[in-house]
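To be precise, the following lines are run_38.cif, and they hold mmCIF, C-alpha atoms.
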data_run
loop_
_atom_site.label_atom_id
_atom_site.label_comp_id
_atom_site.auth_asym_id
_atom_site.auth_seq_id
_atom_site.Cartn_x
_atom_site.Cartn_y
_atom_site.Cartn_z
CA MET A 704 0.00 0.00 0.00
CA ASN A 705 1.44 3.35 -1.04
CA LYS A 706 1.97 5.92 1.67
CA LEU A 707 0.02 9.14 1.12
CA PRO A 708 2.17 12.22 0.50
CA SER A 709 2.54 14.64 3.40
CA ILE A 710 2.46 17.70 1.16
CA SER A 711 0.54 18.52 -2.00
CA ILE A 712 2.11 21.17 -4.21
CA ILE A 713 -0.22 22.90 -6.66
CA ILE A 714 1.02 24.79 -9.71
CA PRO A 715 -1.48 26.57 -11.97
CA ALA A 716 0.14 26.90 -15.40
CA PHE A 717 -0.99 29.07 -18.30
CA ASN A 718 1.37 29.61 -21.26
CA SER A 719 4.39 29.10 -19.01
CA GLU A 720 6.73 27.37 -21.48
CA LYS A 721 9.65 29.70 -20.70
CA THR A 722 9.71 29.20 -16.93
CA ILE A 723 7.77 26.06 -15.95
CA ALA A 724 10.76 23.68 -16.26
CA ASP A 725 12.86 25.69 -13.80
CA THR A 726 9.88 25.93 -11.45
CA ILE A 727 9.35 22.16 -11.53
CA ASP A 728 13.09 21.57 -11.01
CA SER A 729 12.95 23.71 -7.87
CA VAL A 730 10.23 21.37 -6.56
CA PHE A 731 12.02 18.12 -7.40
CA ASN A 732 15.22 19.50 -5.86
CA GLN A 733 13.57 19.86 -2.44
CA THR A 734 15.33 18.21 0.51
CA PHE A 735 11.88 17.00 1.63
CA ASN A 736 10.53 14.58 -0.95
CA ASN A 737 7.31 13.03 0.39
CA PHE A 738 5.04 15.16 -1.77
CA GLU A 739 2.79 15.09 -4.80
CA LEU A 740 3.09 17.75 -7.47
CA ILE A 741 -0.24 18.69 -9.03
CA ILE A 742 -0.04 20.85 -12.14
CA ILE A 743 -3.25 22.39 -13.43
CA ASN A 744 -2.74 23.19 -17.11
CA ASP A 745 -5.06 26.16 -17.44
CA GLY A 746 -5.80 26.03 -21.15
CA SER A 747 -2.24 26.74 -22.32
CA THR A 748 -1.86 27.36 -26.05
CA ASP A 749 1.95 27.24 -26.14
CA SER A 750 4.24 24.26 -25.42
CA THR A 751 3.66 24.30 -21.64
CA LEU A 752 2.09 20.85 -21.62
CA GLU A 753 4.93 19.40 -23.71
CA VAL A 754 7.53 20.81 -21.33
CA ILE A 755 5.73 19.40 -18.30
CA SER A 756 5.28 15.99 -19.91
CA LYS A 757 9.04 15.57 -20.28
CA PHE A 758 9.33 15.14 -16.50
CA GLN A 759 9.13 11.47 -15.60
CA ASP A 760 8.33 11.25 -11.90
CA SER A 761 5.57 9.28 -10.18
CA ARG A 762 4.87 12.24 -7.89
CA LEU A 763 3.82 14.41 -10.84
CA LYS A 764 0.11 14.62 -11.70
CA ILE A 765 -1.12 16.72 -14.63
CA PHE A 766 -4.69 17.88 -15.18
CA SER A 767 -5.78 19.96 -18.17
CA PHE A 768 -8.77 22.28 -18.36
CA GLY A 769 -9.99 25.20 -20.43
CA ASN A 770 -8.60 28.56 -19.36
CA ALA A 771 -10.32 29.74 -16.19
CA GLY A 772 -7.71 31.77 -14.30
CA GLY A 773 -5.46 31.27 -11.30
CA ASN A 774 -8.13 31.19 -8.59
CA ILE A 775 -10.14 28.42 -10.18
CA SER A 776 -6.98 26.50 -11.05
CA ARG A 777 -5.76 26.63 -7.45
CA ASN A 778 -9.13 25.42 -6.21
CA ARG A 779 -9.17 22.63 -8.81
CA GLY A 780 -5.79 21.52 -7.51
CA LEU A 781 -6.98 21.72 -3.91
CA LYS A 782 -9.91 19.39 -4.69
CA ARG A 783 -7.49 16.78 -6.05
CA ALA A 784 -4.87 17.10 -3.31
CA VAL A 785 -4.47 14.39 -0.68
CA GLY A 786 -1.56 15.74 1.38
CA GLU A 787 -1.97 16.89 4.97
CA PHE A 788 -0.39 20.19 3.95
CA ILE A 789 -0.72 22.34 0.83
CA SER A 790 1.69 24.73 -0.85
CA PHE A 791 0.89 26.72 -3.98
CA LEU A 792 3.56 27.72 -6.48
CA ASP A 793 3.21 30.03 -9.46
CA ALA A 794 4.61 28.68 -12.71
CA ASP A 795 7.37 31.30 -12.96
CA ASP A 796 8.58 31.37 -9.35
CA LEU A 797 11.30 29.30 -7.67
CA TRP A 798 11.87 27.74 -4.25
CA THR A 799 15.16 27.20 -2.47
CA PRO A 800 15.86 23.48 -1.81
CA ASN A 801 14.98 23.54 1.92
CA LYS A 802 11.70 25.45 1.58
CA LEU A 803 9.30 22.58 2.29
CA GLN A 804 11.51 20.97 4.93
CA LEU A 805 11.90 24.07 7.10
CA GLN A 806 8.28 25.14 6.78
CA LEU A 807 7.03 21.66 7.70
CA GLU A 808 9.38 21.54 10.70
CA ALA A 809 8.08 24.95 11.80
CA LEU A 810 4.50 23.68 11.78
CA GLN A 811 5.44 20.45 13.55
CA ASN A 812 7.25 22.45 16.24
CA ASN A 813 4.43 25.00 16.62
CA LEU A 814 1.24 22.98 16.91
CA ASP A 815 -0.99 26.05 17.36
CA ALA A 816 0.05 27.37 13.96
CA GLN A 817 -1.69 26.25 10.76
CA VAL A 818 0.35 28.35 8.31
CA ALA A 819 4.13 28.61 7.90
CA TYR A 820 5.69 31.24 5.68
CA SER A 821 9.17 32.35 4.63
CA TRP A 822 10.90 35.40 3.19
CA THR A 823 10.87 36.41 -0.47
CA ASP A 824 13.45 37.95 -2.78
CA TYR A 825 12.79 39.16 -6.32
CA ILE A 826 14.40 37.98 -9.54
CA ASP A 827 14.14 39.12 -13.14
CA GLU A 828 13.06 37.11 -16.17
CA ASN A 829 16.53 35.55 -16.35
CA ALA A 830 16.50 34.59 -12.64
CA ASN A 831 18.96 37.34 -11.70
CA PHE A 832 18.53 38.92 -8.27
CA LEU A 833 16.66 42.24 -8.32
CA VAL A 834 15.81 43.29 -4.78
CA SER A 835 15.09 41.87 -1.34
CA GLY A 836 11.56 41.48 -0.07
CA THR A 837 10.22 42.83 3.22
CA HIS A 838 11.77 40.01 5.31
CA ILE A 839 9.28 40.49 8.14
CA THR A 840 9.07 37.97 10.98
CA ALA A 841 5.68 37.81 12.68
CA ASN A 842 4.24 34.87 14.62
CA GLY A 843 0.91 33.95 16.18
CA ASP A 844 -1.99 36.29 15.42
CA VAL A 845 -0.62 38.26 12.46
CA TYR A 846 -3.91 39.67 11.17
CA ASP A 847 -3.24 43.32 11.98
CA LYS A 848 0.27 43.25 10.50
CA LEU A 849 -0.91 41.36 7.41
CA LEU A 850 -3.70 43.86 6.82
CA VAL A 851 -1.28 46.79 6.91
CA ASN A 852 1.27 45.03 4.71
CA ASN A 853 1.04 41.75 2.81
CA PHE A 854 4.39 40.54 4.09
CA LEU A 855 3.85 37.07 2.62
CA GLU A 856 4.15 39.02 -0.64
CA ASN A 857 2.98 36.35 -3.12
CA GLY A 858 1.03 33.17 -3.72
CA SER A 859 4.09 30.91 -3.82
CA ASN A 860 4.99 31.33 -0.17
CA PRO A 861 3.15 29.52 2.65
CA LEU A 862 2.68 25.91 3.67
CA ILE A 863 -0.88 25.43 4.95
CA ARG A 864 -2.78 22.61 6.60
CA ARG A 865 -5.19 21.33 3.95
CA GLU A 866 -8.23 21.01 6.22
CA VAL A 867 -8.24 24.73 7.08
CA LEU A 868 -8.09 25.70 3.40
CA ILE A 869 -11.05 23.44 2.72
CA GLU A 870 -12.89 24.86 5.73
CA LEU A 871 -12.50 28.38 4.29
CA GLY A 872 -13.69 27.26 0.87
CA GLY A 873 -10.44 27.86 -0.97
CA PHE A 874 -9.65 30.97 -2.97
CA ASP A 875 -12.31 33.57 -3.76
CA GLU A 876 -13.05 32.99 -7.44
CA SER A 877 -14.80 36.35 -7.79
CA LEU A 878 -11.58 38.33 -7.31
CA ASP A 879 -9.63 39.42 -10.39
CA ALA A 880 -6.46 40.11 -8.38
CA ALA A 881 -5.11 40.08 -4.79
CA GLN A 882 -6.46 36.53 -4.38
CA ASP A 883 -3.50 35.43 -2.30
CA TRP A 884 -3.69 38.41 0.10
CA ASP A 885 -7.40 37.73 0.60
CA MET A 886 -6.69 34.05 1.34
CA TRP A 887 -3.89 34.80 3.79
CA LEU A 888 -6.08 37.34 5.62
CA ARG A 889 -8.96 34.89 5.93
CA LEU A 890 -6.54 32.31 7.31
CA ALA A 891 -5.00 34.84 9.72
CA ASP A 892 -8.44 35.79 11.01
CA LYS A 893 -8.84 32.28 12.44
CA TYR A 894 -5.42 30.67 12.70
CA GLU A 895 -1.91 31.37 13.90
CA PHE A 896 1.08 31.76 11.59
CA VAL A 897 4.72 30.84 12.14
CA ALA A 898 7.64 32.44 10.33
CA VAL A 899 10.66 30.71 8.82
CA PRO A 900 13.14 33.63 8.77
CA PHE A 901 15.02 32.65 5.62
CA VAL A 902 14.70 33.61 1.96
CA GLN A 903 13.01 30.60 0.38
CA ILE A 904 10.82 32.09 -2.35
CA LEU A 905 12.27 33.70 -5.46
CA TYR A 906 9.51 35.72 -7.07
CA ARG A 907 9.99 36.42 -10.76
CA VAL A 908 9.11 39.98 -11.82
CA SER A 909 7.67 40.10 -15.32
CA SER A 910 8.16 43.10 -17.58
CA ASN A 911 4.73 42.85 -19.20
CA SER A 912 2.59 44.40 -16.46
CA LEU A 913 0.12 46.83 -18.01
CA SER A 914 -1.55 49.83 -16.41
CA THR A 915 -4.92 48.17 -16.95
CA ASN A 916 -3.76 45.29 -14.77
CA LEU A 917 -2.68 47.76 -12.10
CA ALA A 918 -6.10 49.39 -12.13
CA ARG A 919 -7.64 45.95 -11.72
CA GLN A 920 -5.23 45.21 -8.90
CA GLU A 921 -6.10 48.47 -7.17
CA LYS A 922 -9.82 47.66 -7.32
CA ALA A 923 -9.33 44.12 -6.00
CA CYS A 924 -7.02 45.22 -3.17
CA LEU A 925 -9.51 47.85 -2.03
CA GLN A 926 -12.22 45.19 -2.06
CA VAL A 927 -10.07 42.80 0.01
CA MET A 928 -9.20 45.60 2.42
CA LYS A 929 -12.85 46.55 2.90
CA SER A 930 -13.82 42.97 3.73
CA ALA A 931 -10.85 42.59 6.08
CA TYR A 932 -11.71 45.70 8.09
CA GLN A 933 -15.33 44.56 8.31
CA ARG A 934 -14.10 41.39 10.01
CA ARG A 935 -12.24 43.42 12.63
CA PRO A 936 -13.84 46.89 12.73
CA LEU A 937 -11.86 47.92 15.82
CA MET A 938 -8.78 48.08 13.59
CA VAL A 939 -10.26 50.74 11.29
CA ASN A 940 -7.77 53.31 12.62
CA ASN A 941 -5.10 51.46 10.62
CA MET A 942 -6.93 52.09 7.34
CA SER A 943 -4.72 55.04 6.30
CA LEU A 944 -1.59 52.99 6.90
CA SER A 945 -2.99 50.13 4.83
CA LEU A 946 -3.88 52.53 2.02
CA ALA A 947 -0.46 54.19 2.16
CA ASN A 948 1.30 50.83 1.79
CA LEU A 949 -1.05 49.78 -1.01
CA TYR A 950 -0.47 52.93 -3.05
CA LYS A 951 3.28 52.87 -2.42
CA TYR A 952 3.32 49.34 -3.80
CA LEU A 953 1.16 50.26 -6.81
CA THR A 954 3.29 53.33 -7.55
CA CYS A 955 6.45 51.23 -7.55
CA LYS A 956 4.82 48.61 -9.80
CA ALA A 957 3.74 51.31 -12.27
CA LEU A 958 7.32 52.61 -12.36
CA GLN A 959 8.80 49.27 -13.39
CA GLN A 960 10.03 48.70 -16.93
CA PRO A 961 8.92 48.71 -19.65
CA PHE A 962 8.13 52.41 -19.31
CA SER A 963 5.31 54.20 -21.10
CA ARG A 964 3.60 57.54 -20.74
CA GLN A 965 0.38 55.77 -19.82
CA LYS A 966 2.08 53.93 -16.96
CA GLY A 967 3.63 57.23 -15.87
CA LEU A 968 0.19 58.82 -15.64
CA VAL A 969 -1.08 55.83 -13.65
CA ALA A 970 1.95 56.13 -11.33
CA ALA A 971 1.14 59.81 -10.79
CA LYS A 972 -2.37 58.94 -9.61
CA PHE A 973 -1.09 56.22 -7.29
CA LEU A 974 1.65 58.50 -5.92
CA TYR A 975 -0.92 61.18 -5.12
CA ASN A 976 -2.97 58.66 -3.11
CA TYR A 977 0.17 57.42 -1.37
CA PHE A 978 1.05 61.00 -0.36
CA LEU A 979 -2.45 61.64 0.95
CA ASN A 980 -2.47 58.54 3.17
CA GLU A 981 1.18 58.49 4.31
CA SER A 982 1.16 59.99 7.81
CA ALA A 983 4.97 60.12 7.83
CA ARG A 984 5.12 61.85 4.42
CA PHE A 985 7.39 64.65 5.64
CA LYS A 986 9.85 62.14 7.09
CA ARG A 987 9.99 60.35 3.75
CA THR A 988 10.46 63.38 1.55
CA LYS A 989 13.49 61.96 -0.28
CA PHE A 990 11.73 58.72 -1.13
CA ILE A 991 8.55 60.46 -2.31
CA LEU A 992 10.54 63.02 -4.31
CA LYS A 993 12.48 60.23 -6.00
CA LEU A 994 9.23 58.55 -7.05
CA PHE A 995 7.86 61.90 -8.22
CA LEU A 996 10.91 62.71 -10.35
CA LYS A 997 10.89 59.25 -11.91
CA THR A 998 7.21 59.68 -12.74
CA VAL A 999 7.81 63.07 -14.34
CA VAL A 1000 10.70 61.71 -16.43
CA ILE A 1001 8.53 58.88 -17.77
CA ILE A 1002 5.63 61.20 -18.62
CA ILE A 1003 7.64 64.01 -20.23
CA LEU A 1004 10.63 62.43 -21.97
CA PRO A 1005 10.58 60.08 -24.96
CA ILE A 1006 10.55 56.47 -23.84
CA ASP A 1007 14.01 55.57 -25.16
CA ILE A 1008 15.60 58.53 -23.35
CA SER A 1009 13.70 57.98 -20.08
CA THR A 1010 14.63 54.28 -20.12
CA LYS A 1011 18.35 55.03 -20.54
CA LEU A 1012 18.23 57.69 -17.85
CA LEU A 1013 16.27 55.72 -15.28
CA THR A 1014 18.24 52.50 -15.63
CA LYS A 1015 21.14 54.46 -14.13
CA ILE A 1016 19.09 55.41 -11.10
CA ASN A 1017 18.71 52.82 -8.34
CA THR A 1018 15.52 53.72 -6.49
CA LYS A 1019 15.73 50.68 -4.23
CA VAL A 1020 11.98 50.72 -3.86
CA GLN A 1021 10.19 47.73 -2.38
CA ILE A 1022 8.33 45.49 -4.83
CA SER A 1023 5.80 42.87 -3.72
#
Would you mind writing the file out in structure tokens?
Amino acid sequence: MNKLPSISIIIPAFNSEKTIADTIDSVFNQTFNNFELIIINDGSTDSTLEVISKFQDSRLKIFSFGNAGGNISRNRGLKRAVGEFISFLDADDLWTPNKLQLQLEALQNNLDAQVAYSWTDYIDENANFLVSGTHITANGDVYDKLLVNNFLENGSNPLIRREVLIELGGFDESLDAAQDWDMWLRLADKYEFVAVPFVQILYRVSSNSLSTNLARQEKACLQVMKSAYQRRPLMVNNMSLSLANLYKYLTCKALQQPFSRQKGLVAAKFLYNYFLNESARFKRTKFILKLFLKTVVIIILPIDISTKLLTKINTKVQIS
């Protein structure tokens, strides 16, 4: 009789031919190996399925569906998972080899916790280091900190007990963005978290983010935030801080390459909202001015000139 896997890893994959092999390698290179890898092929039209099929490993399970989006794909994977614990992984992100091992040990050593998470760093499309993540360590009831700042930073991070994900009904399929933040907040509302204070998630930053996606992300984040404050209305005094962090994040995303005048205009709107909600705005004058100048350069100068100029400037802004 085969022993059931302890961990189920779920990867939603849509047109991921360029990155999916490296992502899968980072799973099969884990020091902990009692897992199943469930890949939900979300209607890919490129060679994603061919790349996946080249991996010959009994732990790999592939399911193909019509394109439905990341939320539905994650939930489809969750329905097919049998492991005691679940970890989701986006098809362009990477894990360090000890990610599963250390997170599982953290949960086994902290029985009150149902979610273990690690730190994130950011890489470019060629897997070169870009910038460090927030590297925040918070344990126990993390709801207030998570509402102010999504320090888990992405959907490829935590290890979660499967039964609590099922209890919460999985990911909210009505959200167009911010699905992971919503899920982590709903988990934090009921369960304790434990931190693994090491960089174990390498989040790949894509250069094809469009301003329309940022507008969609803004709308979804505001929706998640509204629901979260309704759960704990006594925390409403933190709303301005939450909004400041949201608009700082959106401003920095809008100011990532490739540059365009449209993205510059979107950044200007986000920066204005960040300034309005940042209570410490006068202590962060240099940072805000740097964002403002970058925005002006992108709006005013031709794209080729602004790109050359801004690549020489290291803003060291936080991306998440």
Local residues around (-10.8, 38.2, -7.5), at most 10 Å away, using only C-alpha atoms, as a PyMOL selection string: chain A and resi 772-774+874-883+885+919-920+922-924+926-927
Return as lines of an AutoDock Vina configuration file the box centre and box size in Å, one decimal, for an axis-aligned box around all listed atoms of segment 967-985 of chain A padded by 6 Å per side.
center_x = 2.2
center_y = 60.2
center_z = -4.0
size_x = 22.4
size_y = 20.8
size_z = 35.7
Distance query segment 889-900 of chain A at most 10 Å, all atoms listed in the file, self and fewer than 6 positions along chain excluded, as JSON, numbers by chain: {"A": [802, 805, 806, 807, 808, 809, 810, 812, 813, 814, 815, 816, 817, 818, 819, 820, 821, 822, 823, 838, 839, 840, 841, 842, 843, 844, 845, 846, 847, 848, 849, 850, 855, 861, 862, 863, 867, 868, 870, 871, 873, 874, 883, 927, 930, 931, 934, 935]}
Matched chain/residue IDs from the PyMOL selection byres ((chain A and resi 783) around 10), as a list in words: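 Selected by the PyMOL selection byres ((chain A and resi 783) around 10) here: Ser711, Ile713, Ile741, Lys764, Phe766, Asn778, Arg779, Gly780, Leu781, Lys782, Ala784, Val785 and Gly786 of chain A.
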Gap from atom CA of Leu917 of chain A to atom CA of Tyr977 of chain A - Å, one decimal: 14.7 Å
Shell around Ser747 of chain A at 10 Å using all atoms listed in the file, local window under 5 positions removed, as a VMD selection string: chain A and resid 716 to 720 752 767 to 770
Length of the atom CA of Thr954 of chain A to atom CA of Asn976 of chain A vector [Å]: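 It comes out at 9.3 Å.
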Expansion of the PyMOL selection byres ((chain A and resi 793) around 7) into residues, as a count of residues only: 9
Å distance separating atom CA of Leu944 of chain A from atom CA of Lys972 of chain A, one decimal place: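 Between atom CA of Leu944 of chain A and atom CA of Lys972 of chain A the gap works out to 17.6 Å.
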Segment 986-999 of chain A environment, 8 Å, all atoms listed in the file, sequence neighbours closer than 5 positions dropped, as a PyMOL selection string: chain A and resi 954-955+958+967-968+970-971+974+978+1013+1018
Could you write out the selected residues, including C-alpha atoms, as an mmCIF file, in the frame of the given file?
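Once written, result_35.cif looks like this:
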data_model
loop_
_atom_site.group_PDB
_atom_site.id
_atom_site.type_symbol
_atom_site.label_atom_id
_atom_site.label_comp_id
_atom_site.auth_asym_id
_atom_site.auth_seq_id
_atom_site.Cartn_x
_atom_site.Cartn_y
_atom_site.Cartn_z
ATOM 1 C CA THR A 954 3.290 53.330 -7.550
ATOM 2 C CA CYS A 955 6.450 51.230 -7.550
ATOM 3 C CA LEU A 958 7.320 52.610 -12.360
ATOM 4 C CA GLY A 967 3.630 57.230 -15.870
ATOM 5 C CA LEU A 968 0.190 58.820 -15.640
ATOM 6 C CA ALA A 970 1.950 56.130 -11.330
ATOM 7 C CA ALA A 971 1.140 59.810 -10.790
ATOM 8 C CA LEU A 974 1.650 58.500 -5.920
ATOM 9 C CA PHE A 978 1.050 61.000 -0.360
ATOM 10 C CA LEU A 1013 16.270 55.720 -15.280
ATOM 11 C CA THR A 1018 15.520 53.720 -6.490
#
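Each of A:Ser945, A:Ser761, A:Ala918, A:Asn857 was checked against Tyr932 of chain A using all atoms listed in the file; the smallest atom-to-atom distance is that of A:Ser945.
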Counting all atoms listed in the file, the option among A:Ile755, A:Ile775, A:Ile710, A:Ile765 closest to Gln804 of chain A: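 Answer, going by the shortest atom-to-atom distance: A:Ile710.
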Contact residues around Gln759 of chain A with all atoms listed in the file at 12 Å, ignoring same-chain residues under 6 positions, as a list in words: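 Here the qualifying residues turn out to be Ile727, Asp728, Phe731, Leu740 and Ile765 of chain A.
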Selected residue, from A:Ile1006, A:Val834, A:Met938, A:Val851, that lies nearest to Val908 of chain A when counting all atoms listed in the file: A:Val834
